[in-house]
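J.: What follows is coords-v4.cif, made up of mmCIF, C-alpha atoms and all ligand atoms:
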```cif
data_protein
#
loop_
_atom_site.group_PDB
_atom_site.id
_atom_site.type_symbol
_atom_site.label_atom_id
_atom_site.label_comp_id
_atom_site.auth_asym_id
_atom_site.auth_seq_id
_atom_site.Cartn_x
_atom_site.Cartn_y
_atom_site.Cartn_z
ATOM 1 C CA MET A 6 -3.443 43.281 126.441
ATOM 2 C CA SER A 7 -3.727 40.882 123.548
ATOM 3 C CA LEU A 8 -2.952 37.241 124.128
ATOM 4 C CA ARG A 9 -0.280 37.433 121.487
ATOM 5 C CA LYS A 10 1.469 40.308 123.212
ATOM 6 C CA LEU A 11 1.221 38.536 126.562
ATOM 7 C CA LYS A 12 2.737 35.396 125.069
ATOM 8 C CA SER A 13 5.655 37.331 123.637
ATOM 9 C CA MET A 14 6.221 38.977 127.019
ATOM 10 C CA VAL A 15 6.270 35.596 128.727
ATOM 11 C CA PHE A 16 8.791 34.387 126.167
ATOM 12 C CA LEU A 17 10.950 37.454 126.775
ATOM 13 C CA ALA A 18 10.800 36.949 130.538
ATOM 14 C CA VAL A 19 11.941 33.331 130.219
ATOM 15 C CA PHE A 20 14.719 34.388 127.881
ATOM 16 C CA ILE A 21 15.959 37.063 130.263
ATOM 17 C CA THR A 22 15.880 34.631 133.200
ATOM 18 C CA ALA A 23 17.975 32.096 131.296
ATOM 19 C CA GLN A 24 20.533 34.783 130.395
ATOM 20 C CA PHE A 25 20.602 35.986 133.971
ATOM 21 C CA VAL A 26 21.263 32.518 135.409
ATOM 22 C CA VAL A 27 24.356 32.099 133.237
ATOM 23 C CA ALA A 28 25.614 35.630 133.780
ATOM 24 C CA ALA A 29 25.225 35.333 137.542
ATOM 25 C CA SER A 30 26.880 31.946 137.929
ATOM 26 C CA PHE A 31 29.953 32.139 135.738
ATOM 27 C CA GLU A 32 32.366 35.004 135.380
ATOM 28 C CA LEU A 33 34.412 35.525 132.255
ATOM 29 C CA GLU A 34 37.763 37.189 132.800
ATOM 30 C CA SER A 35 38.629 39.951 130.347
ATOM 31 C CA GLY A 36 40.446 38.984 127.169
ATOM 32 C CA PHE A 37 37.832 36.979 125.289
ATOM 33 C CA ASN A 38 36.786 38.651 122.052
ATOM 34 C CA ALA A 39 33.071 39.230 121.415
ATOM 35 C CA THR A 40 32.627 36.060 119.314
ATOM 36 C CA GLN A 41 34.423 33.895 121.854
ATOM 37 C CA GLU A 42 32.381 35.293 124.718
ATOM 38 C CA LYS A 43 29.169 34.743 122.791
ATOM 39 C CA THR A 44 30.151 31.136 122.008
ATOM 40 C CA LEU A 45 31.046 30.337 125.600
ATOM 41 C CA ARG A 46 27.841 31.850 126.986
ATOM 42 C CA ALA A 47 25.798 30.043 124.331
ATOM 43 C CA ASP A 48 27.437 26.754 125.343
ATOM 44 C CA LEU A 49 26.492 27.291 128.984
ATOM 45 C CA ASN A 50 22.917 28.078 128.010
ATOM 46 C CA ALA A 51 22.789 25.105 125.638
ATOM 47 C CA LEU A 52 24.014 22.803 128.379
ATOM 48 C CA ALA A 53 21.235 23.959 130.717
ATOM 49 C CA SER A 54 18.571 23.493 128.071
ATOM 50 C CA LEU A 55 19.661 20.100 126.732
ATOM 51 C CA ASN A 56 16.539 17.981 126.602
ATOM 52 C CA ILE A 57 17.979 14.806 128.093
ATOM 53 C CA GLU A 58 16.016 12.206 130.017
ATOM 54 C CA SER A 59 18.788 9.839 130.961
ATOM 55 C CA THR A 60 17.869 6.477 132.451
ATOM 56 C CA ASP A 61 21.533 5.625 133.046
ATOM 57 C CA PRO A 62 21.955 5.139 136.821
ATOM 58 C CA TRP A 63 25.552 6.419 136.569
ATOM 59 C CA PHE A 64 24.311 9.635 134.983
ATOM 60 C CA GLN A 65 21.931 10.150 137.875
ATOM 61 C CA LYS A 66 24.591 9.395 140.484
ATOM 62 C CA ILE A 67 27.092 11.777 138.896
ATOM 63 C CA PHE A 68 24.831 14.675 137.980
ATOM 64 C CA GLY A 69 22.211 14.215 140.712
ATOM 65 C CA GLY A 70 19.298 13.941 138.253
ATOM 66 C CA SER A 71 18.470 13.004 134.688
ATOM 67 C CA SER A 72 18.373 16.259 132.684
ATOM 68 C CA GLY A 73 20.572 18.944 131.107
ATOM 69 C CA ARG A 74 19.682 21.258 133.992
ATOM 70 C CA HIS A 75 21.359 18.783 136.373
ATOM 71 C CA VAL A 76 24.521 18.809 134.250
ATOM 72 C CA TYR A 77 24.452 22.611 134.355
ATOM 73 C CA ASN A 78 24.125 22.558 138.158
ATOM 74 C CA TYR A 79 27.039 20.110 138.385
ATOM 75 C CA LEU A 80 29.110 22.576 136.346
ATOM 76 C CA ASP A 81 27.925 25.552 138.368
ATOM 77 C CA GLU A 82 29.115 23.919 141.597
ATOM 78 C CA ARG A 83 32.608 23.337 140.208
ATOM 79 C CA VAL A 84 33.422 26.175 137.830
ATOM 80 C CA ASN A 85 33.233 29.856 138.684
ATOM 81 C CA TYR A 86 35.662 31.636 136.358
ATOM 82 C CA PHE A 87 36.703 31.251 132.759
ATOM 83 C CA ILE A 88 40.105 32.644 131.836
ATOM 84 C CA PRO A 89 41.195 33.179 128.209
ATOM 85 C CA TRP A 90 44.542 31.649 127.197
ATOM 86 C CA THR A 91 45.687 35.085 126.088
ATOM 87 C CA SER A 92 45.673 36.435 129.621
ATOM 88 C CA ASP A 93 49.001 36.048 131.367
ATOM 89 C CA ILE A 94 48.150 35.125 134.922
ATOM 90 C CA THR A 95 51.732 34.339 135.989
ATOM 91 C CA GLY A 96 52.151 37.639 137.803
ATOM 92 C CA SER A 97 48.620 37.563 139.218
ATOM 93 C CA VAL A 98 49.290 34.610 141.491
ATOM 94 C CA TRP A 99 50.430 36.146 144.707
ATOM 95 C CA PRO A 100 52.967 35.696 146.175
ATOM 96 C CA ALA A 101 53.905 32.254 144.835
ATOM 97 C CA PRO A 102 55.282 31.740 141.340
ATOM 98 C CA TYR A 103 52.989 30.029 138.870
ATOM 99 C CA PHE A 104 53.798 28.976 135.339
ATOM 100 C CA PRO A 105 50.791 27.517 133.574
ATOM 101 C CA PRO A 106 51.342 24.831 130.932
ATOM 102 C CA PRO A 107 51.921 26.010 127.350
ATOM 103 C CA THR A 108 48.832 26.591 125.257
ATOM 104 C CA GLU A 109 50.411 25.478 121.976
ATOM 105 C CA MET A 110 52.898 22.893 120.783
ATOM 106 C CA ARG A 111 54.897 23.625 117.637
ATOM 107 C CA ASP A 112 57.037 21.418 115.411
ATOM 108 C CA ALA A 113 60.649 22.199 114.402
ATOM 109 C CA ASN A 114 59.384 24.552 111.671
ATOM 110 C CA GLY A 115 57.272 26.553 114.106
ATOM 111 C CA LYS A 116 53.983 25.124 112.852
ATOM 112 C CA VAL A 117 51.330 24.577 115.536
ATOM 113 C CA ILE A 118 50.705 20.833 115.882
ATOM 114 C CA ALA A 119 48.620 20.803 119.070
ATOM 115 C CA ALA A 120 46.739 23.446 121.033
ATOM 116 C CA LEU A 121 45.091 23.578 124.441
ATOM 117 C CA SER A 122 41.310 23.050 124.607
ATOM 118 C CA ALA A 123 40.710 23.819 128.272
ATOM 119 C CA TYR A 124 42.567 23.430 131.527
ATOM 120 C CA ASN A 125 41.439 23.475 135.146
ATOM 121 C CA MET A 126 43.881 25.920 136.748
ATOM 122 C CA GLY A 127 42.053 25.845 140.068
ATOM 123 C CA ALA A 128 43.256 22.308 140.795
ATOM 124 C CA ASP A 129 46.822 23.273 139.941
ATOM 125 C CA LEU A 130 46.730 26.430 142.060
ATOM 126 C CA PHE A 131 45.298 24.513 145.008
ATOM 127 C CA PHE A 132 48.429 22.312 144.971
ATOM 128 C CA ILE A 133 50.652 25.389 144.685
ATOM 129 C CA ASN A 134 48.924 26.882 147.705
ATOM 130 C CA LEU A 135 49.711 23.721 149.707
ATOM 131 C CA LYS A 136 53.320 23.762 148.539
ATOM 132 C CA TYR A 137 53.941 27.327 149.702
ATOM 133 C CA TRP A 138 51.723 27.182 152.764
ATOM 134 C CA ASP A 139 54.445 27.673 155.390
ATOM 135 C CA ASP A 140 55.958 30.662 153.630
ATOM 136 C CA TYR A 141 52.854 32.444 152.544
ATOM 137 C CA THR A 142 50.008 30.678 154.391
ATOM 138 C CA THR A 143 47.634 31.217 151.508
ATOM 139 C CA VAL A 144 48.272 31.861 147.867
ATOM 140 C CA TYR A 145 45.881 34.182 146.077
ATOM 141 C CA LEU A 146 45.007 34.898 142.517
ATOM 142 C CA LEU A 147 44.306 38.510 141.742
ATOM 143 C CA ASN A 148 41.717 38.309 138.989
ATOM 144 C CA SER A 149 40.710 40.889 136.440
ATOM 145 C CA PHE A 150 37.955 42.119 138.758
ATOM 146 C CA SER A 151 40.789 43.009 141.137
ATOM 147 C CA ARG A 152 39.475 40.647 143.714
ATOM 148 C CA ARG A 153 41.597 38.156 145.570
ATOM 149 C CA LEU A 154 40.578 34.549 145.130
ATOM 150 C CA LYS A 155 41.718 32.267 147.904
ATOM 151 C CA LEU A 156 43.191 29.119 146.400
ATOM 152 C CA ASP A 157 42.572 26.716 149.294
ATOM 153 C CA SER A 158 40.322 24.338 147.368
ATOM 154 C CA PRO A 159 40.219 23.167 143.747
ATOM 155 C CA ARG A 160 36.561 24.169 143.876
ATOM 156 C CA VAL A 161 37.716 27.757 143.433
ATOM 157 C CA GLY A 162 36.764 26.713 139.909
ATOM 158 C CA LEU A 163 39.184 28.422 137.527
ATOM 159 C CA VAL A 164 39.115 27.045 134.020
ATOM 160 C CA GLU A 165 41.444 28.300 131.345
ATOM 161 C CA ILE A 166 39.920 28.212 127.876
ATOM 162 C CA GLY A 167 42.444 27.484 125.128
ATOM 163 C CA PRO A 168 42.381 28.227 121.397
ATOM 164 C CA ARG A 169 41.273 24.690 120.526
ATOM 165 C CA TYR A 170 38.060 25.235 122.442
ATOM 166 C CA PHE A 171 36.937 27.467 119.567
ATOM 167 C CA GLU A 172 38.679 26.000 116.541
ATOM 168 C CA ARG A 173 40.736 22.985 115.665
ATOM 169 C CA LEU A 174 42.833 21.696 112.802
ATOM 170 C CA ASN A 175 40.818 20.094 110.051
ATOM 171 C CA PRO A 176 41.693 16.353 110.093
ATOM 172 C CA ALA A 177 41.140 16.282 106.314
ATOM 173 C CA ASP A 178 43.467 19.251 105.710
ATOM 174 C CA PRO A 179 45.850 20.168 108.564
ATOM 175 C CA ASN A 180 46.529 23.544 106.949
ATOM 176 C CA GLN A 181 42.957 24.579 107.652
ATOM 177 C CA LYS A 182 41.068 25.277 110.858
ATOM 178 C CA ILE A 183 37.443 24.373 111.492
ATOM 179 C CA PRO A 184 35.168 25.322 114.390
ATOM 180 C CA THR A 185 35.215 22.895 117.308
ATOM 181 C CA SER A 186 31.758 21.323 117.550
ATOM 182 C CA ARG A 187 29.364 22.501 120.229
ATOM 183 C CA ILE A 188 29.085 18.947 121.574
ATOM 184 C CA GLU A 189 32.852 18.763 122.020
ATOM 185 C CA ARG A 190 32.839 22.165 123.727
ATOM 186 C CA MET A 191 30.106 21.155 126.161
ATOM 187 C CA ALA A 192 31.858 17.849 126.871
ATOM 188 C CA LEU A 193 35.085 19.764 127.580
ATOM 189 C CA LEU A 194 33.308 21.891 130.197
ATOM 190 C CA VAL A 195 31.839 18.793 131.854
ATOM 191 C CA HIS A 196 35.298 17.190 131.811
ATOM 192 C CA GLU A 197 37.148 20.172 133.289
ATOM 193 C CA ALA A 198 34.583 20.568 136.068
ATOM 194 C CA ARG A 199 35.456 17.137 137.446
ATOM 195 C CA HIS A 200 39.064 18.291 138.027
ATOM 196 C CA SER A 201 37.627 20.728 140.610
ATOM 197 C CA ASP A 202 36.832 17.807 142.915
ATOM 198 C CA CYS A 203 39.172 16.682 145.661
ATOM 199 C CA SER A 204 37.122 13.694 146.822
ATOM 200 C CA GLY A 205 38.096 12.724 150.350
ATOM 201 C CA GLY A 206 40.428 15.716 150.666
ATOM 202 C CA LEU A 207 44.157 15.529 151.244
ATOM 203 C CA ASN A 208 45.429 14.122 154.525
ATOM 204 C CA ARG A 209 48.714 15.182 156.118
ATOM 205 C CA PRO A 210 50.921 12.512 154.427
ATOM 206 C CA ASP A 211 49.622 13.639 151.013
ATOM 207 C CA ILE A 212 50.036 17.321 151.943
ATOM 208 C CA ASP A 213 53.685 16.548 152.724
ATOM 209 C CA ARG A 214 54.054 14.761 149.398
ATOM 210 C CA VAL A 215 52.793 17.866 147.602
ATOM 211 C CA ARG A 216 55.216 20.022 149.552
ATOM 212 C CA TYR A 217 58.199 17.849 148.646
ATOM 213 C CA GLY A 218 57.141 17.517 145.010
ATOM 214 C CA ARG A 219 56.224 13.850 145.208
ATOM 215 C CA PRO A 220 53.117 12.231 143.674
ATOM 216 C CA ILE A 221 50.081 12.109 145.961
ATOM 217 C CA GLU A 222 48.326 8.864 146.882
ATOM 218 C CA ASN A 223 44.738 10.122 146.815
ATOM 219 C CA LEU A 224 44.429 10.458 143.064
ATOM 220 C CA GLN A 225 40.777 11.338 143.489
ATOM 221 C CA CYS A 226 42.005 14.756 144.558
ATOM 222 C CA GLY A 227 42.063 16.657 141.270
ATOM 223 C CA TYR A 228 41.551 13.461 139.245
ATOM 224 C CA ALA A 229 44.785 13.922 137.284
ATOM 225 C CA HIS A 230 45.426 11.874 134.164
ATOM 226 C CA VAL A 231 48.075 9.213 133.619
ATOM 227 C CA LYS A 232 50.128 8.290 130.588
ATOM 228 C CA CYS A 233 48.337 6.050 128.115
ATOM 229 C CA PRO A 234 49.818 2.539 127.817
ATOM 230 C CA VAL A 235 52.071 1.264 125.045
ATOM 231 C CA GLY A 236 50.086 0.580 121.892
ATOM 232 C CA HIS A 237 47.375 3.123 122.746
ATOM 233 C CA LYS A 238 46.498 5.835 120.226
ATOM 234 C CA PHE A 239 47.830 8.350 122.788
ATOM 235 C CA GLU A 240 50.761 6.197 123.925
ATOM 236 C CA ASN A 241 52.970 7.979 126.486
ATOM 237 C CA ILE A 242 50.734 11.089 126.569
ATOM 238 C CA GLU A 243 48.960 11.940 129.839
ATOM 239 C CA ALA A 244 45.528 11.411 128.350
ATOM 240 C CA CYS A 245 44.297 8.265 130.080
ATOM 241 C CA GLU A 246 42.580 7.522 133.348
ATOM 242 C CA ASN A 247 42.311 4.551 135.686
ATOM 243 C CA LEU A 248 40.356 6.118 138.547
ATOM 244 C CA LYS A 249 36.989 5.790 140.227
ATOM 245 C CA TRP A 250 34.937 8.040 137.920
ATOM 246 C CA GLY A 251 37.451 10.659 136.843
ATOM 247 C CA ALA A 252 37.063 13.437 134.270
ATOM 248 C CA PHE A 253 37.077 11.245 131.145
ATOM 249 C CA ALA A 254 34.597 8.808 132.720
ATOM 250 C CA VAL A 255 32.214 11.605 133.733
ATOM 251 C CA GLU A 256 32.530 13.142 130.273
ATOM 252 C CA SER A 257 31.715 9.745 128.734
ATOM 253 C CA VAL A 258 28.556 9.378 130.796
ATOM 254 C CA PHE A 259 27.489 12.826 129.577
ATOM 255 C CA LEU A 260 28.212 11.969 125.923
ATOM 256 C CA SER A 261 26.435 8.669 126.221
ATOM 257 C CA ALA A 262 23.279 10.480 127.459
ATOM 258 C CA ILE A 263 23.452 12.725 124.374
ATOM 259 C CA VAL A 264 23.687 9.687 122.116
ATOM 260 C CA ASN A 265 20.878 7.797 123.862
ATOM 261 C CA SER A 266 18.358 10.363 124.981
ATOM 262 C CA CYS A 267 18.859 13.908 123.695
ATOM 263 C CA LYS A 268 15.611 15.138 122.172
ATOM 264 C CA ASN A 269 16.753 18.604 121.093
ATOM 265 C CA CYS A 270 20.091 17.580 119.553
ATOM 266 C CA SER A 271 20.621 17.457 115.800
ATOM 267 C CA ALA A 272 21.663 14.301 113.960
ATOM 268 C CA GLU A 273 25.060 15.970 113.572
ATOM 269 C CA ASP A 274 25.285 16.547 117.368
ATOM 270 C CA ILE A 275 24.512 12.903 118.023
ATOM 271 C CA SER A 276 27.001 11.515 115.537
ATOM 272 C CA GLU A 277 29.641 13.892 116.944
ATOM 273 C CA ALA A 278 28.879 12.704 120.500
ATOM 274 C CA ARG A 279 29.160 9.090 119.358
ATOM 275 C CA ALA A 280 32.543 9.716 117.705
ATOM 276 C CA ILE A 281 34.025 11.456 120.758
ATOM 277 C CA LEU A 282 32.583 8.799 123.062
ATOM 278 C CA GLN A 283 34.401 6.096 121.142
ATOM 279 C CA VAL A 284 37.746 7.809 121.780
ATOM 280 C CA ARG A 285 36.921 8.486 125.456
ATOM 281 C CA ARG A 286 36.102 4.796 126.007
ATOM 282 C CA SER A 287 39.679 3.954 125.074
ATOM 283 C CA GLN A 288 41.049 6.632 127.418
ATOM 284 C CA VAL A 289 39.115 5.297 130.415
ATOM 285 C CA LEU A 290 41.279 2.245 131.077
ATOM 286 C CA ASN A 291 38.865 0.722 133.631
ATOM 287 C CA TRP A 292 35.709 1.335 131.579
ATOM 288 C CA ASP A 293 34.245 -2.173 132.141
ATOM 289 C CA GLN A 294 34.819 -2.144 135.906
ATOM 290 C CA LEU A 295 33.231 1.309 136.190
ATOM 291 C CA HIS A 296 30.140 0.413 134.211
ATOM 292 C CA SER A 297 29.628 -3.011 135.800
ATOM 293 C CA GLY A 298 29.839 -1.375 139.238
ATOM 294 C CA THR A 299 32.851 -3.381 140.453
ATOM 295 C CA ALA A 300 34.968 -0.190 140.675
ATOM 296 C CA GLY A 301 32.451 1.365 143.065
ATOM 297 C CA GLU A 302 30.241 4.434 143.151
ATOM 298 C CA PRO A 303 31.326 7.911 142.051
ATOM 299 C CA ASP A 304 32.275 10.184 144.942
ATOM 300 C CA MET A 305 31.008 13.619 143.908
ATOM 301 C CA SER A 306 32.075 15.355 147.106
ATOM 302 C CA SER A 307 35.088 17.609 147.502
ATOM 303 C CA ARG A 308 37.280 18.756 150.372
ATOM 304 C CA GLY A 309 40.456 20.770 150.682
ATOM 305 C CA ALA A 310 43.388 19.941 152.920
ATOM 306 C CA ASN A 311 42.822 17.908 156.102
ATOM 307 C CA TRP A 312 45.724 19.386 158.095
ATOM 308 C CA ASP A 313 44.868 17.387 161.246
ATOM 309 C CA LYS A 314 44.601 13.941 159.689
HETATM 310 ZN ZN ZN B 401 41.431 16.394 132.162
#
```
With the file now loaded, output its structure as structure tokens.
T.:
Amino acid sequence: MSLRKLKSMVFLAVFITAQFVVAASFELESGFNATQEKTLRADLNALASLNIESTDPWFQKIFGGSSGRHVYNYLDERVNYFIPWTSDITGSVWPAPYFPPPTEMRDANGKVIAALSAYNMGADLFFINLKYWDDYTTVYLLNSFSRRLKLDSPRVGLVEIGPRYFERLNPADPNQKIPTSRIERMALLVHEARHSDCSGGLNRPDIDRVRYGRPIENLQCGYAHVKCPVGHKFENIEACENLKWGAFAVESVFLSAIVNSCKNCSAEDISEARAILQVRRSQVLNWDQLHSGTAGEPDMSSRGANWDK
């Protein structure tokens, strides 16, 4: 066999392995069109092959290493299923009712003014399971593979992908749509994955709060957002965070590694990462305390409900 032929076979083998890793680790529910599916799978592959050598100690603590492969593994641990926004899962949650948040917001004239990028349904469904526990014991989601997914931990890893994941309004001309950048898409995946963590788990008093519809005390369970303060660009919208390394903070650490150390990113990728990072910094209200270490270390563990505590 010629050396050239051997080399091309080796290349093919590596290519097939990379495809296989993604296909085996993440399942896409039916409803994505061919282009959307291709984009999402390409993003997962791109994430794994990002040539990052981050020297940021926070990056290493969060992702357990310094490379794109570590970010991919972080995602793999927390996300298992991608669900398209077009699939109506309301009737698939059994037997509890579930009404996911709207995927679009329209103005008085019916024009779309905001659309969903991505949403971690697993975290939401975990809370629903706790709420209905006495009546149903466990709430299940019947997915498109006709398998029952037990919703007893946010690490069930169900992420809904919204229309804005693929395209967004053009800031220069709101009547036009432009593709969402691949850096933004990857950052969204990293962000959503963090909502799969229930660090410390939920103890009995918090379980009772969930059941009576009151806010929980352990906000590191699901890492939900809070309303941004008065004067903020996103004033009164639940798009800010004041937690110990929540989803926006983790996303920022990822973006910062792209800006500082990505060797296979284009100049466009890097300037995009820098622009998003600037916005994220404003959304992480305790940015300085996190980065100086006074807010403490990230807890990357996850537990479900601690019924006995
Ligand atoms: Zn979020």
J.: Counting only C-alpha atoms and all ligand atoms, figure out which residue out of A:Gln288, A:Thr60, A:Ser276, A:Ser307 gets nearest to ligand ZN 401 (chain B).
T.: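 Residue with the minimum atom-to-atom distance to ligand ZN 401 (chain B): A:Gln288.
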J.: Nearest to Leu174 (chain A): which of A:Val289, A:Ser201, A:Tyr86, A:Ala119 is it, counting all atoms listed in the file?
T.: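 The closest residue to Leu174 (chain A) is A:Ala119.
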J.: Under the rule that all atoms listed in the file are counted, which of A:Asn247, A:Ser261, A:Ser151, A:Gln65 is the nearest residue to Ala300 (chain A)?
T.: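 Among A:Asn247, A:Ser261, A:Ser151, A:Gln65, it is A:Asn247 that comes nearest to Ala300 (chain A).
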J.: Using all atoms listed in the file, which residue out of A:His200, A:His230, A:His237, A:Arg285 lies closest to Phe131 (chain A)?
T.: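 Answer, going by the shortest atom-to-atom distance: A:His200.
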J.: Step by step, measure atom-to-atom distances between ligand ZN 401 (chain B) and each residue using only C-alpha atoms and all ligand atoms, keep those at most 9 Å, then write them as a PyMOL selection string.
T.: chain A and resi 123-125+193+196-200+228-230+244-245+251-253
J.: On this structure, the PyMOL selection byres (((chain A and resi 72) around 8) and not hetatm) would catch which residues? List them as a list in words, sorted by chain and number.
T.: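 That expression, the PyMOL selection byres (((chain A and resi 72) around 8) and not hetatm), corresponds here to Leu55, Asn56, Ile57, Glu58, Ser59, Gly70, Ser71, Gly73, Arg74, His75 and Val76 of chain A.
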J.: Here's the selection I'm unsure about, the PyMOL selection byres (((chain A and resi 209) around 8) and not hetatm); applied to the file above, which residues does it give, as a list in words?
T.: Leu207, Asn208, Pro210, Asp211, Ile212, Asp213, Ala310, Asn311, Trp312, Asp313 and Lys314 of chain A
J.: Just the number, please: distance in Å from CA of Cys203 (chain A) to CA of Thr299 (chain A), one decimal.
T.: 21.7 Å
J.: Could you write out as a list of chain:residue names the residues that the PyMOL selection byres (((chain A and resi 164-172) around 6) and not hetatm) matches in the shown file?
T.: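 That selection, the PyMOL selection byres (((chain A and resi 164-172) around 6) and not hetatm), comes back as A:Phe87, A:Ile88, A:Pro89, A:Trp90, A:Ala120, A:Leu121, A:Ser122, A:Ala123, A:Tyr124, A:Asn125, A:Met126, A:Leu163, A:Arg173, A:Ile183, A:Pro184, A:Thr185.
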J.: Pick out the closest residue to Ala254 (chain A) from this set: A:Pro107, A:Phe64, A:Val235, A:Asp139. Count all atoms listed in the file.
T.: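 Under the stated criterion, the closest residue is A:Phe64.
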J.: Which one of A:Asn241, A:Gln181, A:Asn148, A:Ser287 sits closest to Ser97 (chain A) if you count all atoms listed in the file?
T.: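 Nearest candidate to Ser97 (chain A) out of A:Asn241, A:Gln181, A:Asn148, A:Ser287: A:Asn148.
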J.: Report as number ranges by chain all protein, DNA and RNA residues lying within 7 Å of Val195 (chain A), evaluated on all atoms listed in the file, omitting residues in the same chain fewer than 4 positions from it.
T.: A: 80, 191, 199, 256
J.: Which residues are close to Asn85 (chain A), i.e. within 7 Å by only C-alpha atoms, leaving aside same-chain residues fewer than 3 positions away? Reply as a list in words.
T.: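 These residues fall inside the cut-off: Ser30, Phe31, Glu32, Asp81, Val161, Gly162 and Leu163 of chain A.
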J.: Near Pro303 (chain A), within 7 Å and counting only C-alpha atoms, which residues show up once chain neighbours fewer than 3 positions away are dropped, as a count of residues only?
T.: 3
J.: Padding of 3 Å on every side, edges along x, y and z, all listed atoms of region 86-98 of chain A included: what centre and edge lengths in Å, to one decimal, does that box have, as AutoDock Vina command-line options?
T.:
```
--center_x 43.9 --center_y 34.4 --center_z 133.8 --size_x 22.5 --size_y 12.4 --size_z 21.4
```
J.: Which residues, written as a PyMOL selection string, have at least one atom at most 10 Å from Leu130 (chain A), with all atoms listed in the file counted and residues fewer than 4 positions away on the same chain left out?
T.: chain A and resi 98+101+103+105+125-126+134-136+144-146+155-159+161+163
